[in-house]
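The file query35.txt contains compact mmCIF, C-alpha atoms:
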```txt
# COMPACT_ATOMS: atom_id res chain seq x y z
CA MET C 1 69.91 173.10 231.95
CA VAL C 2 72.65 172.98 229.33
CA GLY C 3 71.62 171.19 226.15
CA TRP C 4 67.90 171.50 226.74
CA VAL C 5 65.38 173.66 224.92
CA GLN C 6 62.18 174.62 226.72
CA ALA C 7 58.94 175.16 224.79
CA GLY C 8 55.91 175.50 227.05
CA ALA C 9 55.56 172.26 228.94
CA ILE C 10 57.64 170.30 226.40
CA ALA C 11 61.37 169.78 226.89
CA TYR C 12 63.52 167.92 224.40
CA LEU C 13 67.19 167.32 223.63
CA PRO C 14 68.73 168.71 220.44
CA LEU C 15 68.75 166.08 217.69
CA LYS C 16 72.07 164.51 216.81
CA HIS C 17 72.36 164.46 213.02
CA PRO C 18 74.56 161.98 211.14
CA LYS C 19 77.47 163.25 209.10
CA LEU C 20 76.05 164.19 205.70
CA HIS C 21 77.49 162.71 202.52
CA ALA C 22 78.32 165.05 199.66
CA LYS C 23 77.93 162.39 196.96
CA PRO C 24 74.59 160.82 196.12
CA ALA C 25 73.99 157.12 196.74
CA ILE C 26 72.96 154.84 193.88
CA VAL C 27 70.13 152.35 194.29
CA LEU C 28 69.59 149.58 191.74
CA CYS C 29 65.96 148.51 191.94
CA ALA C 30 64.81 145.19 190.47
CA PHE C 31 61.77 142.94 190.76
CA GLY C 32 63.92 140.04 191.95
CA THR C 33 64.17 136.29 191.34
CA SER C 34 64.50 133.20 193.51
CA THR C 35 66.18 131.19 190.73
CA LYS C 36 69.78 130.77 189.70
CA ALA C 37 69.12 133.54 187.16
CA ARG C 38 70.01 136.01 189.92
CA VAL C 39 73.48 135.77 188.40
CA THR C 40 72.05 138.52 186.17
CA PHE C 41 72.06 140.92 189.11
CA ASP C 42 75.67 140.04 189.93
CA TYR C 43 76.60 140.81 186.34
CA ILE C 44 74.89 144.23 186.37
CA ASP C 45 76.30 144.98 189.82
CA ARG C 46 79.86 144.47 188.55
CA GLU C 47 79.25 146.75 185.56
CA VAL C 48 77.81 149.56 187.71
CA ARG C 49 80.51 149.32 190.39
CA LYS C 50 83.19 149.41 187.71
CA ALA C 51 81.67 152.60 186.27
CA PHE C 52 81.07 154.31 189.65
CA PRO C 53 83.81 153.08 192.02
CA ASP C 54 83.53 156.06 194.39
CA TYR C 55 79.79 155.84 195.00
CA GLU C 56 77.75 153.93 197.55
CA ILE C 57 75.68 151.36 195.67
CA ARG C 58 72.70 149.54 197.19
CA TRP C 59 70.10 147.08 195.90
CA ALA C 60 66.32 147.12 196.41
CA PHE C 61 63.77 144.51 195.32
CA THR C 62 60.14 145.33 194.62
CA SER C 63 58.61 141.83 194.89
CA ASN C 64 57.33 141.09 198.40
CA ILE C 65 57.09 137.38 197.57
CA ILE C 66 60.68 137.15 196.32
CA ARG C 67 62.06 139.10 199.31
CA GLU C 68 60.22 136.97 201.87
CA LYS C 69 61.16 133.70 200.16
CA MET C 70 64.84 134.51 199.77
CA ASN C 71 65.18 136.00 203.25
CA ARG C 72 63.71 132.80 204.74
CA ILE C 73 66.22 130.77 202.74
CA TYR C 74 69.11 132.97 203.86
CA ALA C 75 68.02 132.74 207.51
CA ARG C 76 67.63 128.94 207.35
CA LYS C 77 71.07 128.52 205.79
CA GLY C 78 72.72 131.02 208.10
CA ILE C 79 73.69 133.30 205.21
CA SER C 80 74.34 136.89 206.25
CA LYS C 81 72.29 138.46 203.49
CA HIS C 82 69.00 140.35 203.36
CA LEU C 83 66.89 141.50 200.43
CA ALA C 84 65.41 144.92 201.22
CA SER C 85 62.47 146.84 199.80
CA LEU C 86 62.92 150.27 198.25
CA HIS C 87 61.35 151.85 201.34
CA GLU C 88 63.90 150.11 203.57
CA VAL C 89 66.87 151.10 201.44
CA LEU C 90 65.85 154.76 201.21
CA ALA C 91 65.17 154.96 204.96
CA THR C 92 68.56 153.41 205.73
CA LEU C 93 70.36 155.81 203.39
CA TYR C 94 68.65 158.77 205.03
CA ALA C 95 69.62 157.52 208.50
CA GLN C 96 73.21 157.17 207.32
CA GLY C 97 73.41 160.78 206.17
CA TYR C 98 72.56 160.64 202.48
CA ARG C 99 70.30 163.38 201.17
CA LYS C 100 70.67 162.77 197.42
CA VAL C 101 69.88 159.45 195.76
CA VAL C 102 69.80 158.08 192.23
CA VAL C 103 67.32 155.23 191.87
CA GLN C 104 67.81 153.20 188.72
CA PRO C 105 64.97 150.78 187.98
CA LEU C 106 66.11 147.62 186.22
CA HIS C 107 62.70 146.98 184.75
CA VAL C 108 62.35 146.35 181.01
CA PHE C 109 58.88 147.76 180.34
CA PRO C 110 57.56 151.01 181.90
CA GLY C 111 54.76 149.12 183.65
CA LEU C 112 53.23 148.83 187.09
CA GLU C 113 56.47 147.95 188.89
CA TYR C 114 58.26 150.96 187.43
CA GLU C 115 55.33 153.26 188.22
CA THR C 116 55.36 152.03 191.82
CA VAL C 117 59.06 152.88 192.10
CA VAL C 118 58.38 156.40 190.81
CA GLN C 119 55.54 156.94 193.29
CA ILE C 120 57.62 155.74 196.25
CA CYS C 121 60.46 158.10 195.31
CA LYS C 122 58.09 161.05 194.83
CA LYS C 123 56.57 160.64 198.26
CA PHE C 124 59.68 159.72 200.25
CA PRO C 125 60.43 162.65 202.60
CA ASP C 126 63.65 164.65 202.93
CA LEU C 127 65.56 163.03 200.05
CA ARG C 128 66.27 164.47 196.62
CA ILE C 129 65.76 161.48 194.34
CA VAL C 130 66.20 161.20 190.60
CA VAL C 131 64.69 158.09 189.03
CA GLY C 132 66.27 156.75 185.84
CA GLU C 133 64.38 155.36 182.88
CA PRO C 134 63.68 151.65 182.30
CA LEU C 135 65.07 149.77 179.34
CA LEU C 136 62.19 150.36 176.89
CA PHE C 137 61.11 153.83 178.03
CA ARG C 138 61.69 155.46 174.63
CA TRP C 139 61.16 154.11 171.12
CA GLU C 140 64.81 154.71 170.30
CA TYR C 141 65.67 152.39 173.21
CA VAL C 142 63.26 149.77 171.88
CA LYS C 143 64.98 149.81 168.49
CA GLU C 144 68.41 149.55 170.13
CA VAL C 145 67.34 146.51 172.16
CA LEU C 146 65.86 144.84 169.08
CA LYS C 147 69.13 145.40 167.23
CA MET C 148 70.99 143.94 170.22
CA VAL C 149 69.02 140.69 170.29
CA SER C 150 68.77 140.39 166.49
CA ARG C 151 72.14 138.65 166.39
CA GLU C 152 70.43 135.70 168.09
CA PHE C 153 67.78 135.30 165.38
CA LEU C 154 67.54 132.24 163.20
CA PRO C 155 67.51 133.16 159.49
CA PRO C 156 64.10 132.79 157.80
CA GLY C 157 65.10 129.62 155.97
CA GLU C 158 66.00 127.85 159.23
CA GLY C 159 63.09 128.72 161.47
CA ILE C 160 61.06 131.24 163.42
CA ASN C 161 62.04 133.32 166.46
CA ILE C 162 59.78 134.22 169.40
CA LEU C 163 60.61 137.09 171.74
CA VAL C 164 59.22 136.03 175.12
CA ALA C 165 58.01 138.94 177.30
CA HIS C 166 56.17 138.95 180.61
CA GLY C 167 53.06 140.94 179.68
CA THR C 168 50.37 142.36 181.93
CA ASP C 169 46.84 141.08 182.52
CA VAL C 170 45.50 144.58 183.26
CA THR C 171 44.07 146.29 180.18
CA SER C 172 44.38 149.77 181.69
CA GLN C 173 48.13 149.40 182.25
CA GLY C 174 50.07 151.84 180.06
CA ALA C 175 52.79 149.28 179.35
CA ASN C 176 50.37 147.62 176.92
CA ILE C 177 51.20 150.43 174.49
CA THR C 178 54.83 149.34 174.54
CA TYR C 179 53.95 145.67 174.08
CA LEU C 180 51.71 146.39 171.09
CA GLY C 181 54.16 148.90 169.62
CA LEU C 182 56.98 146.38 169.98
CA ASP C 183 54.83 143.76 168.26
CA TRP C 184 54.23 146.18 165.38
CA LEU C 185 57.95 146.96 165.04
CA VAL C 186 58.91 143.29 165.09
CA ARG C 187 56.37 142.28 162.46
CA HIS C 188 57.34 145.14 160.15
CA SER C 189 61.09 144.66 160.58
CA TYR C 190 61.63 140.89 160.47
CA PRO C 191 59.90 138.19 158.38
CA ASN C 192 60.32 135.44 160.98
CA VAL C 193 60.15 137.09 164.42
CA LEU C 194 57.12 137.15 166.74
CA LEU C 195 56.45 138.63 170.17
CA GLY C 196 54.59 136.55 172.73
CA THR C 197 53.74 137.32 176.37
CA VAL C 198 53.15 134.99 179.30
CA GLU C 199 50.40 137.13 180.88
CA GLY C 200 49.05 139.57 178.32
CA VAL C 201 49.04 140.60 174.66
CA PRO C 202 50.21 139.46 172.21
CA ALA C 203 48.88 136.22 173.73
CA GLY C 204 51.12 133.19 173.80
CA GLU C 205 48.47 130.84 172.39
CA ALA C 206 48.10 132.83 169.16
CA VAL C 207 51.88 133.17 168.75
CA LEU C 208 52.41 129.42 169.22
CA GLU C 209 49.79 128.74 166.57
CA GLU C 210 51.69 130.96 164.12
CA ALA C 211 54.92 129.17 164.99
CA ARG C 212 53.29 125.78 164.34
CA LYS C 213 52.33 126.87 160.84
CA TYR C 214 55.75 128.28 159.95
CA PRO C 215 57.25 126.10 157.17
CA ALA C 216 60.76 125.71 158.64
CA ARG C 217 61.19 123.25 161.49
CA ARG C 218 63.15 125.19 164.12
CA VAL C 219 61.76 127.55 166.78
CA ARG C 220 64.02 129.74 168.92
CA PHE C 221 62.92 131.52 172.06
CA ILE C 222 64.66 134.80 172.95
CA PRO C 223 63.85 135.89 176.53
CA PHE C 224 62.68 139.50 176.45
CA MET C 225 62.84 139.89 180.23
CA LEU C 226 65.73 141.26 182.27
CA VAL C 227 66.07 137.93 184.08
CA ALA C 228 65.35 134.62 182.34
CA GLY C 229 64.06 133.11 185.55
CA ASP C 230 61.00 131.12 186.57
CA HIS C 231 58.82 131.98 183.55
CA VAL C 232 61.48 130.97 181.05
CA MET C 233 62.61 127.91 183.01
CA HIS C 234 59.11 126.53 183.53
CA ASP C 235 56.38 128.19 181.41
CA ILE C 236 58.53 128.40 178.29
CA MET C 237 61.21 125.67 178.40
CA GLY C 238 59.92 123.40 181.18
CA LYS C 239 59.35 119.66 181.07
CA ASN C 240 56.20 119.03 183.10
CA SER C 241 56.07 115.22 182.74
CA GLY C 242 52.32 115.26 182.21
CA GLU C 243 51.61 117.37 185.29
CA GLY C 244 50.08 120.84 185.01
CA GLU C 245 49.96 122.97 181.88
CA LYS C 246 52.31 122.17 179.05
CA SER C 247 55.18 124.56 178.45
CA TRP C 248 55.54 126.40 175.16
CA ARG C 249 58.44 124.10 174.36
CA GLU C 250 56.33 120.96 174.87
CA ILE C 251 53.47 122.32 172.78
CA LEU C 252 55.77 123.04 169.84
CA GLU C 253 57.74 119.81 170.16
CA GLU C 254 54.48 117.86 170.00
CA ALA C 255 53.80 119.71 166.74
CA GLY C 256 57.09 118.40 165.35
CA LYS C 257 59.22 121.49 165.92
CA GLU C 258 62.83 121.56 167.09
CA VAL C 259 62.96 124.08 169.96
CA ASP C 260 65.82 125.92 171.63
CA CYS C 261 66.31 128.99 173.80
CA VAL C 262 69.16 131.48 173.74
CA THR C 263 71.79 130.80 176.40
CA THR C 264 75.06 132.31 177.56
CA THR C 265 77.95 131.22 179.76
CA VAL C 266 78.87 133.05 182.96
CA GLU C 267 81.91 131.84 184.91
CA GLY C 268 81.77 128.45 183.27
CA LYS C 269 78.03 127.86 183.82
CA THR C 270 75.28 128.03 181.21
CA TYR C 271 72.17 130.16 181.75
CA TYR C 272 69.16 131.16 179.70
CA ARG C 273 70.06 134.62 178.45
CA GLY C 274 67.76 137.35 179.71
CA LEU C 275 68.28 140.92 178.54
CA GLY C 276 70.33 141.68 181.65
CA LEU C 277 73.12 139.35 180.47
CA TYR C 278 73.91 141.42 177.38
CA PRO C 279 76.78 143.92 177.79
CA GLU C 280 74.72 146.61 176.04
CA THR C 281 72.06 146.42 178.77
CA GLY C 282 74.57 146.99 181.53
CA GLN C 283 75.95 149.98 179.65
CA PHE C 284 72.43 151.32 179.15
CA PHE C 285 71.88 151.39 182.91
CA VAL C 286 75.30 152.96 183.45
CA ARG C 287 74.35 155.77 181.04
CA GLN C 288 71.04 156.28 182.83
CA ILE C 289 72.78 156.54 186.20
CA ARG C 290 75.34 158.99 184.82
CA ARG C 291 72.52 161.15 183.42
CA SER C 292 70.69 161.09 186.77
CA LEU C 293 73.86 162.12 188.62
CA GLU C 294 74.25 165.08 186.24
CA ILE C 295 70.65 166.13 186.93
CA LEU C 296 71.31 166.05 190.68
CA GLN C 297 74.37 168.25 190.19
CA ARG C 298 72.53 170.86 188.13
CA TYR C 299 69.22 171.17 189.95
```

How does this structure look as structure tokens?
Amino acid sequence: MVGWVQAGAIAYLPLKHPKLHAKPAIVLCAFGTSTKARVTFDYIDREVRKAFPDYEIRWAFTSNIIREKMNRIYARKGISKHLASLHEVLATLYAQGYRKVVVQPLHVFPGLEYETVVQICKKFPDLRIVVGEPLLFRWEYVKEVLKMVSREFLPPGEGINILVAHGTDVTSQGANITYLGLDWLVRHSYPNVLLGTVEGVPAGEAVLEEARKYPARRVRFIPFMLVAGDHVMHDIMGKNSGEGEKSWREILEEAGKEVDCVTTTVEGKTYYRGLGLYPETGQFFVRQIRRSLEILQRY
């Protein structure tokens, strides 16, 4: 029979392969957010598409909770949009004929989420994948990011600045080295800048106590997360009206401090400014993608 191959008692049709793409695909991989701060992803998306107009660019989101929540919202509102996991995106690219992929994590710290992305890419079959580095992967990157946000700092005579990071509650997590190293750099570089984390070290309680004692009245929060989403909106700057735990803002205002948080304007609307809304961050990810594409070409 034409088109059949016989092997013992098993007969099967030849597989029909998709047309293979010569260029790699680019996957931007973020944790995700269900808040209006997702404008950050739109901003980065524009920067990457502008730099790589001839490449296929996809998005993947590592948070199961965020994906499920947003996909329910999209379905209820009849919006033709779907947040996909990294597994889904890679499988789809393979089915569509891609065999080379650049995955660029949009994580800030090289923590658990980043490590999970690396492990998925290592084990995914039949694709050559190069994974880019996160924002604070090298100490030179850390110093560049500190220089970037330093233009937001209040001068020592006006008040104290607090970099607000996410943190990790797992002591064995390697990202703790970066958090503690960043804390050391901040304290040895600036007289009125502290690092505080929502879920780890340096602990927020101790940092707030230092801010209370600072002689000048003002306190400025600088989000040290890619997206200034739920944590910044509620845990840091929220107004809880007596319900639940007090936000960092409320604690400091009760101590007589004048509190603000860095913001920026995107298309006429004001947002808390996460690291992803700085032009330098977008260019950092563009450089990482370009480096990964060069690696795919050479090896």

Pull the closest atom pair for each residue of stretch 143-232 of chain C that gets at most 10 Å from stretch 114-135 of chain C, along with the distance in Å to one decimal, counting all atoms listed in the file, ordering rows by chain and then ascending residue number, as CSV.
```
residue,atom,partner,partner_atom,distance
C:Glu144,CA,C:Leu135,CA,9.8
C:Val145,CA,C:Leu135,CA,8.2
C:Gly174,CA,C:Glu115,CA,9.8
C:Ala175,CA,C:Tyr114,CA,9.9
C:Leu226,CA,C:Leu135,CA,9.0
```

Could those selected residues go to a file with C-alpha atoms, as a PDB file, keeping the file's coordinate frame?
```pdb
ATOM      1  CA  GLU C 144      68.410 149.550 170.130  1.00  0.00           C
ATOM      2  CA  VAL C 145      67.340 146.510 172.160  1.00  0.00           C
ATOM      3  CA  GLY C 174      50.070 151.840 180.060  1.00  0.00           C
ATOM      4  CA  ALA C 175      52.790 149.280 179.350  1.00  0.00           C
ATOM      5  CA  LEU C 226      65.730 141.260 182.270  1.00  0.00           C
TER       6      LEU C 226
END
```

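Minimum atom-to-atom distances from C:Tyr214, C:Tyr179, C:Phe224, C:Thr171 to C:Pro202 were compared using all atoms listed in the file, and the lowest value belongs to C:Tyr179.
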
message = I'd like the contact shell of C:Asn71 - 12 Å cut-off, all atoms listed in the file, skipping same-chain residues fewer than 3 positions apart - returned as a list in words.
response =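 Residues near the query, excluding close chain neighbours: Thr33, Ser34, Phe61, Asn64, Ile65, Ile66, Arg67, Glu68, Tyr74, Ala75, Arg76, Lys77, Gly78, Ile79, Ser80, Lys81, His82, Leu83, Ala84 and Ser85 of chain C.
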
message = Counting all atoms listed in the file, which residue out of C:Phe137, C:Ala255, C:Val219, C:Met70 sits closest to C:Lys36?
response =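 Of all the options, C:Met70 lies closest to C:Lys36.
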
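In terms of minimum interatomic distance to C:Tyr272, C:Phe221 ranks closest within C:Phe31, C:Phe284, C:Phe52, C:Phe221, counting only C-alpha atoms.
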
key: Which residue of C:Leu136, C:Ala216, C:Val149, C:Val198 approaches C:Pro110 most closely, using only C-alpha atoms   =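 The shortest atom-to-atom distance to C:Pro110 comes from C:Leu136.
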
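Take the candidates C:Val286, C:Leu163, C:Met237, C:Ala228 and check each one against C:Glu250 using all atoms listed in the file; the shortest distance goes to C:Met237.
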
Centre, x/y/z edge lengths, axis-aligned box for stretch 255-260 of chain C with 4 Å per side, as AutoDock Vina command-line options:
```
--center_x 59.8 --center_y 122.2 --center_z 168.5 --size_x 20.0 --size_y 15.5 --size_z 14.3
```

message = Here's a test: counting all atoms listed in the file, identify every protein, DNA and RNA residue with an atom at most 9 Å from (68.7, 164.0, 188.8) in the file's coordinate frame, and state them as JSON, numbers by chain.
response = {"C": [100, 101, 102, 128, 129, 130, 131, 132, 289, 291, 292, 293, 294, 295, 296, 297, 298, 299]}

query = Between C:Arg287, C:Ile222, C:Trp59, C:Lys19, which has the minimum distance to C:Arg151 (counting only C-alpha atoms)?
reply = C:Ile222

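What separates atom CA of C:Ser172 from atom CA of C:Glu205 is a distance of 21.5 Å.
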
key: Å distance separating atom CA of C:Ser189 from atom CA of C:Ser150, one decimal place   =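 Atom-to-atom, atom CA of C:Ser189 and atom CA of C:Ser150 are spaced 10.6 Å apart.
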
inquiry  = Residues within 8 Å of stretch 38-46 of chain C, please, as a list in words. Count only C-alpha atoms; anything in the same chain fewer than 5 positions from it doesn't count.
reply    =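 The neighbour list is Gly32, Thr33, Leu226, Val227, Gly229, Gly274, Gly276, Leu277 and Gly282 of chain C.
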
task = Compile the contact shell of C:Lys213 as number ranges by chain: residues with an atom at most 12 Å away, counting only C-alpha atoms, same-chain residues fewer than 4 positions apart removed.
result = C: 159-160, 192, 206-209, 217-219, 252, 255-257

task = Please measure the separation of atom CA of C:Gln96 and atom CA of C:Ser63, giving the value in Å to one decimal.
result = 24.6 Å
